[in-house]
file model-v1.cif (mmCIF, C-alpha atoms)
data_protein
loop_
_atom_site.label_atom_id
_atom_site.label_comp_id
_atom_site.auth_asym_id
_atom_site.auth_seq_id
_atom_site.Cartn_x
_atom_site.Cartn_y
_atom_site.Cartn_z
CA ARG A 26 8.93 -19.01 -27.74
CA GLN A 27 11.53 -21.25 -26.06
CA VAL A 28 8.89 -23.86 -25.29
CA GLU A 29 7.60 -23.83 -28.89
CA ALA A 30 11.14 -24.12 -30.25
CA GLN A 31 11.86 -27.09 -28.01
CA GLN A 32 8.59 -28.73 -29.00
CA GLN A 33 9.39 -28.34 -32.71
CA GLN A 34 12.90 -29.70 -32.17
CA SER A 35 11.54 -32.68 -30.22
CA ARG A 36 8.95 -33.44 -32.91
CA SER A 37 11.58 -33.30 -35.65
CA VAL A 38 13.87 -35.68 -33.78
CA SER A 39 11.02 -38.08 -33.06
CA SER A 40 9.78 -38.08 -36.66
CA SER A 41 13.28 -38.61 -38.05
CA ALA A 42 13.77 -41.62 -35.81
CA GLY A 43 10.39 -43.01 -36.78
CA VAL A 44 9.08 -42.85 -33.25
CA GLN A 45 5.44 -41.73 -33.09
CA THR A 46 5.33 -40.41 -29.48
CA HIS A 47 4.38 -37.02 -28.07
CA THR A 48 7.40 -35.23 -26.58
CA TRP A 49 6.90 -32.83 -23.73
CA THR A 50 9.25 -29.93 -22.98
CA LEU A 51 9.36 -30.26 -19.22
CA ARG A 52 10.13 -34.01 -19.24
CA ALA A 53 10.79 -36.60 -21.96
CA ASN A 54 8.38 -39.07 -20.36
CA LYS A 55 5.55 -37.41 -18.44
CA ASP A 56 3.94 -40.62 -17.22
CA ALA A 57 7.08 -41.86 -15.51
CA ASP A 58 7.66 -38.67 -13.55
CA THR A 59 6.08 -37.79 -10.25
CA VAL A 60 4.35 -34.50 -9.58
CA GLU A 61 7.25 -33.40 -7.39
CA MET A 62 9.78 -33.99 -10.16
CA ARG A 63 7.69 -32.05 -12.66
CA LEU A 64 7.32 -29.16 -10.22
CA GLU A 65 11.07 -29.11 -9.62
CA SER A 66 11.64 -29.00 -13.37
CA LEU A 67 9.17 -26.14 -13.75
CA GLU A 68 10.76 -24.19 -10.88
CA ALA A 69 14.20 -24.67 -12.42
CA ARG A 70 12.95 -23.23 -15.69
CA MET A 71 11.19 -20.27 -14.06
CA LYS A 72 13.85 -19.26 -11.56
CA ASP A 73 15.33 -16.62 -13.85
CA HIS A 74 11.97 -15.16 -14.92
CA ASN A 75 10.00 -12.38 -13.23
CA VAL A 76 6.48 -13.79 -12.93
CA PHE A 77 4.99 -10.44 -11.95
CA ALA A 78 6.56 -8.71 -14.94
CA LEU A 79 5.20 -11.50 -17.13
CA GLU A 80 1.72 -11.00 -15.66
CA ARG A 81 1.86 -7.25 -16.34
CA ALA A 82 3.02 -7.92 -19.90
CA VAL A 83 0.09 -10.27 -20.44
CA ASP A 84 -2.30 -7.63 -19.07
CA LYS A 85 -0.92 -5.05 -21.47
CA LEU A 86 -1.38 -7.46 -24.38
CA MET A 87 -4.96 -8.09 -23.27
CA ASN A 88 -5.65 -4.36 -23.11
CA SER A 89 -4.12 -3.76 -26.53
CA ALA A 90 -6.24 -6.59 -27.95
CA GLY A 91 -9.40 -5.08 -26.50
CA LEU A 92 -9.93 -7.84 -23.94
CA ASP A 93 -11.41 -6.88 -20.58
CA HIS A 94 -9.29 -7.37 -17.47
CA GLN A 95 -10.95 -9.79 -15.06
CA PHE A 96 -11.25 -8.78 -11.41
CA HIS A 97 -11.66 -11.23 -8.54
CA SER A 98 -14.79 -10.66 -6.50
CA ALA A 99 -13.29 -12.36 -3.42
CA ASP A 100 -10.23 -10.12 -3.55
CA CYS A 101 -12.45 -7.05 -3.87
CA ALA A 102 -14.53 -8.09 -0.86
CA PHE A 103 -11.41 -8.78 1.20
CA MET A 104 -9.80 -5.45 0.29
CA MET A 105 -12.96 -3.52 1.16
CA THR A 106 -13.15 -5.34 4.49
CA CYS A 107 -9.55 -4.43 5.22
CA PHE A 108 -10.30 -0.81 4.28
CA ILE A 109 -13.18 -0.66 6.76
CA PHE A 110 -11.14 -2.15 9.60
CA THR A 111 -8.16 0.10 8.88
CA LEU A 112 -10.40 3.17 8.80
CA MET A 113 -11.88 2.10 12.13
CA MET A 114 -8.37 2.20 13.58
CA THR A 115 -8.60 5.97 13.21
CA LEU A 116 -12.31 6.56 13.67
CA PRO A 117 -13.14 5.71 16.37
CA GLY A 118 -9.99 3.79 17.39
CA ILE A 119 -7.37 6.51 17.79
CA ALA A 120 -9.99 9.08 18.82
CA LEU A 121 -11.04 6.88 21.76
CA PHE A 122 -7.49 5.86 22.62
CA TYR A 123 -6.08 9.39 22.77
CA GLY A 124 -9.36 10.79 24.14
CA GLY A 125 -9.08 8.65 27.24
CA LEU A 126 -5.45 9.57 27.86
CA VAL A 127 -5.88 13.35 27.96
CA ARG A 128 -7.57 15.46 30.61
CA VAL A 129 -11.31 15.79 30.49
CA GLN A 130 -11.24 19.38 29.17
CA ASN A 131 -9.21 18.26 26.12
CA VAL A 132 -11.25 15.22 25.05
CA LEU A 133 -13.27 17.10 22.46
CA SER A 134 -10.10 18.75 21.12
CA ILE A 135 -8.26 15.48 20.46
CA VAL A 136 -11.36 13.83 18.96
CA MET A 137 -11.90 16.81 16.65
CA GLN A 138 -8.25 16.76 15.59
CA THR A 139 -8.51 13.08 14.66
CA PHE A 140 -11.73 13.62 12.71
CA SER A 141 -10.32 16.70 10.96
CA ILE A 142 -7.21 14.77 9.92
CA ALA A 143 -9.40 12.09 8.34
CA CYS A 144 -11.33 14.69 6.34
CA LEU A 145 -8.21 16.63 5.32
CA ILE A 146 -6.20 13.62 4.17
CA THR A 147 -9.17 12.27 2.21
CA VAL A 148 -9.33 15.46 0.14
CA LEU A 149 -5.55 15.64 -0.30
CA TRP A 150 -5.38 11.98 -1.29
CA MET A 151 -7.97 12.37 -4.02
CA MET A 152 -6.40 15.62 -5.27
CA VAL A 153 -2.69 14.85 -5.43
CA GLY A 154 -1.67 12.33 -2.77
CA TYR A 155 -2.50 9.14 -4.64
CA SER A 156 -0.77 10.30 -7.81
CA LEU A 157 2.35 11.44 -5.95
CA THR A 158 2.52 8.10 -4.16
CA PHE A 159 1.52 5.37 -6.62
CA SER A 160 2.02 6.83 -10.09
CA SER A 161 5.22 6.06 -11.96
CA GLY A 162 7.72 8.86 -11.55
CA ASN A 163 11.20 9.21 -10.15
CA SER A 164 12.69 7.42 -7.15
CA ILE A 165 11.06 9.80 -4.61
CA TYR A 166 7.77 11.10 -6.05
CA GLY A 167 5.18 9.89 -8.52
CA ASP A 168 4.07 12.01 -11.45
CA HIS A 169 0.91 14.04 -12.04
CA ARG A 170 -1.00 11.67 -14.31
CA ASN A 171 -3.57 10.77 -11.64
CA PHE A 172 -4.19 14.21 -10.13
CA TRP A 173 -7.88 14.38 -9.19
CA LEU A 174 -8.02 10.71 -10.24
CA VAL A 175 -8.48 11.73 -13.87
CA ASN A 176 -7.33 8.39 -15.31
CA VAL A 177 -9.16 6.17 -12.82
CA THR A 178 -12.02 4.29 -14.47
CA GLN A 179 -14.25 1.35 -13.65
CA THR A 180 -11.93 -1.01 -15.51
CA SER A 181 -8.55 0.48 -14.55
CA TYR A 182 -6.30 -1.23 -12.02
CA HIS A 183 -2.93 -0.69 -10.39
CA THR A 184 -0.07 -3.08 -11.12
CA LEU A 185 0.45 -3.64 -7.38
CA ALA A 186 -3.12 -5.00 -7.10
CA PRO A 187 -4.23 -6.24 -10.53
CA ASN A 188 -7.04 -8.39 -9.15
CA VAL A 189 -9.13 -5.48 -7.84
CA PRO A 190 -10.34 -2.24 -9.45
CA GLU A 191 -8.11 0.76 -8.95
CA ALA A 192 -10.84 2.54 -6.98
CA VAL A 193 -10.74 -0.22 -4.36
CA PHE A 194 -6.95 0.02 -4.19
CA ILE A 195 -7.21 3.81 -3.74
CA LEU A 196 -9.63 3.43 -0.83
CA TYR A 197 -7.48 0.79 0.83
CA GLN A 198 -4.35 2.96 0.65
CA LEU A 199 -6.36 6.00 1.76
CA ALA A 200 -7.06 4.29 5.09
CA PHE A 201 -3.32 4.06 5.79
CA ALA A 202 -2.76 7.63 4.64
CA ILE A 203 -5.37 8.73 7.23
CA LEU A 204 -4.06 6.51 10.00
CA THR A 205 -0.44 7.66 9.84
CA PRO A 206 -0.86 11.41 10.61
CA ALA A 207 -3.60 10.59 13.14
CA LEU A 208 -0.97 8.71 15.13
CA ILE A 209 1.14 11.87 15.34
CA CYS A 210 -1.53 14.10 16.90
CA GLY A 211 -1.15 12.34 20.25
CA SER A 212 2.41 13.65 20.57
CA PHE A 213 1.22 17.26 20.82
CA ALA A 214 -2.10 16.69 22.59
CA ASP A 215 -3.28 19.71 24.63
CA ARG A 216 -0.66 21.93 22.96
CA MET A 217 -1.65 22.74 19.37
CA ARG A 218 -4.65 24.58 17.98
CA LEU A 219 -6.74 23.16 15.17
CA PHE A 220 -5.73 25.39 12.25
CA PRO A 221 -1.93 25.15 12.79
CA MET A 222 -2.38 21.41 13.17
CA LEU A 223 -4.15 21.18 9.80
CA VAL A 224 -1.38 23.19 8.11
CA PHE A 225 1.24 20.94 9.67
CA MET A 226 -0.56 17.77 8.60
CA THR A 227 -0.98 19.05 5.04
CA LEU A 228 2.74 19.68 4.70
CA TRP A 229 3.59 16.42 6.45
CA HIS A 230 1.41 14.38 4.12
CA LEU A 231 2.91 15.91 0.98
CA LEU A 232 6.53 16.13 2.13
CA VAL A 233 6.90 13.01 4.28
CA TYR A 234 4.21 10.39 3.72
CA CYS A 235 3.90 10.56 -0.08
CA PRO A 236 7.64 10.28 -0.84
CA MET A 237 8.11 7.67 1.89
CA ALA A 238 5.31 5.47 0.56
CA HIS A 239 6.39 5.94 -3.07
CA SER A 240 10.02 5.08 -2.39
CA MET A 241 8.99 2.03 -0.36
CA TRP A 242 6.03 0.47 -2.17
CA THR A 243 6.62 1.21 -5.87
CA GLU A 244 9.15 -0.38 -8.18
CA SER A 245 10.72 2.98 -9.06
CA GLY A 246 11.28 3.94 -5.39
CA PHE A 247 14.86 3.99 -4.15
CA LEU A 248 14.05 2.04 -0.96
CA HIS A 249 12.36 -0.65 -3.02
CA LYS A 250 15.37 -0.85 -5.32
CA TRP A 251 17.63 -1.28 -2.30
CA GLY A 252 15.68 -4.41 -1.40
CA ILE A 253 14.03 -3.03 1.75
CA LEU A 254 10.76 -4.85 2.42
CA ASP A 255 7.70 -3.40 4.14
CA PHE A 256 4.60 -5.57 3.97
CA ALA A 257 2.57 -4.05 6.81
CA GLY A 258 3.58 -0.39 6.88
CA GLY A 259 6.32 -0.69 9.47
CA ASN A 260 8.49 1.91 7.75
CA VAL A 261 5.87 4.01 5.95
CA VAL A 262 3.41 4.22 8.84
CA HIS A 263 5.00 3.51 12.20
CA VAL A 264 8.61 4.63 11.73
CA ALA A 265 7.54 7.80 9.90
CA ALA A 266 4.80 8.63 12.42
CA GLY A 267 6.97 7.77 15.41
CA PHE A 268 9.91 9.97 14.48
CA SER A 269 7.63 12.78 13.33
CA GLY A 270 5.75 12.65 16.63
CA LEU A 271 9.01 12.73 18.56
CA VAL A 272 10.30 15.76 16.67
CA SER A 273 7.00 17.63 16.92
CA SER A 274 6.81 17.07 20.68
CA LEU A 275 10.38 18.34 21.10
CA VAL A 276 9.69 21.43 19.00
CA ILE A 277 6.44 22.33 20.77
CA GLY A 278 7.77 21.59 24.24
CA ASN A 279 6.08 20.60 27.50
CA ARG A 280 2.54 21.40 28.51
CA LYS A 281 1.91 24.48 30.60
CA GLY A 282 2.02 23.45 34.24
CA PHE A 283 3.97 20.29 33.52
CA GLY A 284 5.49 19.04 36.77
CA ARG A 285 3.15 21.14 38.91
CA GLU A 286 -0.30 19.97 37.81
CA SER A 287 -1.77 16.51 37.37
CA PHE A 288 -2.01 15.28 33.78
CA ALA A 289 -3.41 11.86 34.61
CA ALA A 290 -5.68 10.16 32.07
CA HIS A 291 -9.31 10.93 32.81
CA ASN A 292 -10.77 7.60 31.62
CA MET A 293 -8.61 4.53 30.99
CA LEU A 294 -11.64 2.46 29.99
CA ILE A 295 -12.13 4.64 26.90
CA SER A 296 -8.46 4.17 26.00
CA VAL A 297 -8.79 0.39 26.35
CA MET A 298 -11.85 0.45 24.07
CA GLY A 299 -9.89 2.48 21.51
#
call {"tool": "encode", "arguments": {"input": "model-v1.cif", "output": "structure tokens"}}
result
Amino acid sequence: RQVEAQQQQSRSVSSSAGVQTHTWTLRANKDADTVEMRLESLEARMKDHNVFALERAVDKLMNSAGLDHQFHSADCAFMMTCFIFTLMMTLPGIALFYGGLVRVQNVLSIVMQTFSIACLITVLWMMVGYSLTFSSGNSIYGDHRNFWLVNVTQTSYHTLAPNVPEAVFILYQLAFAILTPALICGSFADRMRLFPMLVFMTLWHLLVYCPMAHSMWTESGFLHKWGILDFAGGNVVHVAAGFSGLVSSLVIGNRKGFGRESFAAHNMLISVMG
């Protein structure tokens, strides 16, 4: 609207003076300006505008007008590639890494824990985890609008990734939701049975990961409002998993025979491969 108003004002001034020239809003004489000068002028005009909010507003207008949102095939391919590599960090990455560090009689246990965590978090993420993390809600949790992915369609998309379908965004974030609790299981290797571990990981995902990711990566989250940046999961993944692993190891305590028996890694080559 400001650009149109300035154009109308410029045309009226030009016509009143009898000058038949086209007046541009960014510069009075486009031909005499360099590209750098025109870019500086554009940046000066846009410095007080939120480009991402403008893009979301345009998307809403397109949806209300019945126009289809256009996805980028290259972005979709890149996101799916990232999802595959991130999932491989857990299976087989963490399974091999932790499997080589424990004693030989506990290799199957740690591998099964890692695989079970991947299965458990996948179900929780599709049921409630994604909605609690990336739906609009309060400053800590998202709301229930995407429980069981009820509002996810072939044409829907998330505002954090408007260039890819929402299903691709869900899979990409699922890989990080699986990776984070899998990092913790190494802190209590050899010392926790499978069923208590699954109960612990269920509670941890709902009470720690979901609110942490929501508060960090969504606009309504309190950490995001404070200006804290996390582009690669440093806070959501590594800080959360690190402190949780430390606390869980302190609560469970040392292994039986610690200080009297050898707990050396049985195969360092497997750990290096992981």
call {"tool": "closest_atom_pairs", "arguments": {"input": "model-v1.cif", "of": "range 162-261 of chain A", "to": "range 278-286 of chain A", "cutoff": "9 Å", "atoms": "all atoms listed in the file", "output": "CSV"}}
result
residue,atom,partner,partner_atom,distance
A:Phe213,CA,A:Gly278,CA,8.6
A:Ala214,CA,A:Arg280,CA,8.9
A:Asp215,CA,A:Arg280,CA,7.2
A:Arg216,CA,A:Arg280,CA,6.4
call {"tool": "residues_around", "arguments": {"input": "model-v1.cif", "residues": "range 225-229 of chain A", "least_positions_apart": "6", "cutoff": "12 Å", "atoms": "only C-alpha atoms", "output": "ChimeraX atom specification"}}
result
/A:138-139,141-150,153-154,202-210,213,217-219,235-237,265-266,269-270,273
call {"tool": "resolve_selection", "arguments": {"input": "model-v1.cif", "expression": "the PyMOL selection byres ((chain A and resi 288-293) around 9)", "output": "compact mmCIF listing (two decimals) with C-alpha atoms, in the frame of the given file"}}
result
# COMPACT_ATOMS: atom_id res chain seq x y z
CA PHE A 122 -7.49 5.86 22.62
CA GLY A 124 -9.36 10.79 24.14
CA GLY A 125 -9.08 8.65 27.24
CA LEU A 126 -5.45 9.57 27.86
CA VAL A 127 -5.88 13.35 27.96
CA ARG A 128 -7.57 15.46 30.61
CA VAL A 129 -11.31 15.79 30.49
CA PHE A 283 3.97 20.29 33.52
CA GLY A 284 5.49 19.04 36.77
CA GLU A 286 -0.30 19.97 37.81
CA SER A 287 -1.77 16.51 37.37
CA LEU A 294 -11.64 2.46 29.99
CA ILE A 295 -12.13 4.64 26.90
CA SER A 296 -8.46 4.17 26.00
CA VAL A 297 -8.79 0.39 26.35
CA MET A 298 -11.85 0.45 24.07
call {"tool": "atom_distance", "arguments": {"input": "model-v1.cif", "atom1": "CA of Val262 in chain A", "atom2": "CA of Phe201 in chain A"}}
result
7.4 Å
call {"tool": "atom_distance", "arguments": {"input": "model-v1.cif", "atom1": "CA of Met104 in chain A", "atom2": "CA of Val189 in chain A"}}
result
8.2 Å
call {"tool": "closest_residue", "arguments": {"input": "model-v1.cif", "among": "A:Phe268, A:Arg70, A:Met222, A:Ala200", "to": "Met114 in chain A", "atoms": "all atoms listed in the file"}}
result
A:Ala200
call {"tool": "atom_distance", "arguments": {"input": "model-v1.cif", "atom1": "CA of Val261 in chain A", "atom2": "CA of Gly167 in chain A"}}
result
15.6 Å
call {"tool": "closest_residue", "arguments": {"input": "model-v1.cif", "among": "A:Val233, A:Pro187, A:Pro221, A:Ile165", "to": "Leu248 in chain A", "atoms": "only C-alpha atoms"}}
result
A:Ile165
call {"tool": "resolve_selection", "arguments": {"input": "model-v1.cif", "expression": "the PyMOL selection byres ((chain A and resi 241) around 10)", "output": "PyMOL selection string"}}
result
chain A and resi 158+164-165+235-240+242-256+258+260-261
call {"tool": "closest_residue", "arguments": {"input": "model-v1.cif", "among": "A:Cys101, A:Met62, A:Ala69, A:Ala120", "to": "Asn188 in chain A", "atoms": "all atoms listed in the file"}}
result
A:Cys101
call {"tool": "closest_residue", "arguments": {"input": "model-v1.cif", "among": "A:Tyr155, A:Tyr197, A:Phe103, A:Tyr123", "to": "Gly299 in chain A", "atoms": "only C-alpha atoms"}}
result
A:Tyr123
call {"tool": "decode", "arguments": {"input": "model-v1.cif", "residues": "range 129-141 of chain A", "atoms": "all heavy atoms", "output": "mmCIF file, in the first residue's frame"}}
result
data_model
loop_
_atom_site.group_PDB
_atom_site.id
_atom_site.type_symbol
_atom_site.label_atom_id
_atom_site.label_comp_id
_atom_site.auth_asym_id
_atom_site.auth_seq_id
_atom_site.Cartn_x
_atom_site.Cartn_y
_atom_site.Cartn_z
ATOM 1 N N VAL A 129 31.163 -57.724 26.520
ATOM 2 C CA VAL A 129 30.603 -58.539 25.457
ATOM 3 C C VAL A 129 29.238 -59.107 25.832
ATOM 4 O O VAL A 129 28.371 -59.287 24.977
ATOM 5 C CB VAL A 129 31.595 -59.674 25.086
ATOM 6 C CG1 VAL A 129 31.779 -60.640 26.250
ATOM 7 C CG2 VAL A 129 31.117 -60.412 23.835
ATOM 8 N N GLN A 130 28.993 -59.381 27.125
ATOM 9 C CA GLN A 130 27.711 -59.950 27.522
ATOM 10 C C GLN A 130 26.574 -58.914 27.502
ATOM 11 O O GLN A 130 25.407 -59.279 27.654
ATOM 12 C CB GLN A 130 27.798 -60.571 28.924
ATOM 13 C CG GLN A 130 28.153 -59.602 30.038
ATOM 14 C CD GLN A 130 29.629 -59.597 30.331
ATOM 15 O OE1 GLN A 130 30.446 -59.765 29.424
ATOM 16 N NE2 GLN A 130 29.991 -59.421 31.604
ATOM 17 N N ASN A 131 26.910 -57.637 27.323
ATOM 18 C CA ASN A 131 25.885 -56.591 27.326
ATOM 19 C C ASN A 131 25.704 -55.926 25.959
ATOM 20 O O ASN A 131 24.996 -54.921 25.859
ATOM 21 C CB ASN A 131 26.239 -55.512 28.355
ATOM 22 C CG ASN A 131 26.182 -56.025 29.772
ATOM 23 O OD1 ASN A 131 25.229 -56.701 30.164
ATOM 24 N ND2 ASN A 131 27.207 -55.731 30.555
ATOM 25 N N VAL A 132 26.336 -56.474 24.929
ATOM 26 C CA VAL A 132 26.207 -55.879 23.596
ATOM 27 C C VAL A 132 24.767 -55.955 23.103
ATOM 28 O O VAL A 132 24.187 -54.961 22.637
ATOM 29 C CB VAL A 132 27.163 -56.580 22.612
ATOM 30 C CG1 VAL A 132 26.941 -56.037 21.201
ATOM 31 C CG2 VAL A 132 28.591 -56.383 23.030
ATOM 32 N N LEU A 133 24.172 -57.118 23.193
ATOM 33 C CA LEU A 133 22.796 -57.279 22.730
ATOM 34 C C LEU A 133 21.840 -56.395 23.518
ATOM 35 O O LEU A 133 20.872 -55.852 22.960
ATOM 36 C CB LEU A 133 22.374 -58.742 22.842
ATOM 37 C CG LEU A 133 20.968 -59.088 22.331
ATOM 38 C CD1 LEU A 133 20.828 -58.717 20.866
ATOM 39 C CD2 LEU A 133 20.660 -60.558 22.558
ATOM 40 N N SER A 134 22.093 -56.217 24.810
ATOM 41 C CA SER A 134 21.222 -55.385 25.644
ATOM 42 C C SER A 134 21.233 -53.936 25.171
ATOM 43 O O SER A 134 20.166 -53.322 25.003
ATOM 44 C CB SER A 134 21.665 -55.465 27.107
ATOM 45 O OG SER A 134 20.932 -54.541 27.897
ATOM 46 N N ILE A 135 22.419 -53.377 24.936
ATOM 47 C CA ILE A 135 22.490 -51.963 24.557
ATOM 48 C C ILE A 135 21.952 -51.744 23.146
ATOM 49 O O ILE A 135 21.321 -50.727 22.853
ATOM 50 C CB ILE A 135 23.941 -51.447 24.685
ATOM 51 C CG1 ILE A 135 23.973 -49.915 24.698
ATOM 52 C CG2 ILE A 135 24.822 -51.976 23.585
ATOM 53 C CD1 ILE A 135 23.415 -49.305 25.937
ATOM 54 N N VAL A 136 22.162 -52.717 22.248
ATOM 55 C CA VAL A 136 21.618 -52.603 20.895
ATOM 56 C C VAL A 136 20.093 -52.678 20.925
ATOM 57 O O VAL A 136 19.397 -51.912 20.239
ATOM 58 C CB VAL A 136 22.211 -53.702 19.988
ATOM 59 C CG1 VAL A 136 21.501 -53.716 18.638
ATOM 60 C CG2 VAL A 136 23.696 -53.477 19.795
ATOM 61 N N MET A 137 19.552 -53.562 21.747
ATOM 62 C CA MET A 137 18.102 -53.690 21.855
ATOM 63 C C MET A 137 17.487 -52.447 22.489
ATOM 64 O O MET A 137 16.385 -52.015 22.101
ATOM 65 C CB MET A 137 17.748 -54.935 22.669
ATOM 66 C CG MET A 137 16.269 -55.280 22.616
ATOM 67 S SD MET A 137 15.755 -55.627 20.921
ATOM 68 C CE MET A 137 13.979 -55.660 21.102
ATOM 69 N N GLN A 138 18.165 -51.853 23.454
ATOM 70 C CA GLN A 138 17.661 -50.612 24.050
ATOM 71 C C GLN A 138 17.592 -49.498 23.010
ATOM 72 O O GLN A 138 16.607 -48.761 22.941
ATOM 73 C CB GLN A 138 18.557 -50.207 25.220
ATOM 74 C CG GLN A 138 18.385 -51.050 26.468
ATOM 75 C CD GLN A 138 19.227 -50.547 27.627
ATOM 76 O OE1 GLN A 138 19.901 -49.532 27.518
ATOM 77 N NE2 GLN A 138 19.195 -51.276 28.730
ATOM 78 N N THR A 139 18.634 -49.383 22.198
ATOM 79 C CA THR A 139 18.640 -48.344 21.159
ATOM 80 C C THR A 139 17.522 -48.565 20.149
ATOM 81 O O THR A 139 16.807 -47.620 19.776
ATOM 82 C CB THR A 139 20.003 -48.327 20.450
ATOM 83 O OG1 THR A 139 21.042 -48.202 21.411
ATOM 84 C CG2 THR A 139 20.083 -47.172 19.474
ATOM 85 N N PHE A 140 17.350 -49.809 19.702
ATOM 86 C CA PHE A 140 16.287 -50.111 18.740
ATOM 87 C C PHE A 140 14.909 -49.892 19.362
ATOM 88 O O PHE A 140 13.996 -49.364 18.702
ATOM 89 C CB PHE A 140 16.437 -51.560 18.261
ATOM 90 C CG PHE A 140 15.376 -51.971 17.282
ATOM 91 C CD1 PHE A 140 15.408 -51.519 15.974
ATOM 92 C CD2 PHE A 140 14.345 -52.809 17.664
ATOM 93 C CE1 PHE A 140 14.431 -51.892 15.063
ATOM 94 C CE2 PHE A 140 13.363 -53.190 16.764
ATOM 95 C CZ PHE A 140 13.406 -52.736 15.458
ATOM 96 N N SER A 141 14.735 -50.278 20.616
ATOM 97 C CA SER A 141 13.444 -50.096 21.282
ATOM 98 C C SER A 141 13.104 -48.624 21.455
ATOM 99 O O SER A 141 11.938 -48.223 21.326
ATOM 100 C CB SER A 141 13.457 -50.799 22.644
ATOM 101 O OG SER A 141 13.703 -52.178 22.504
#
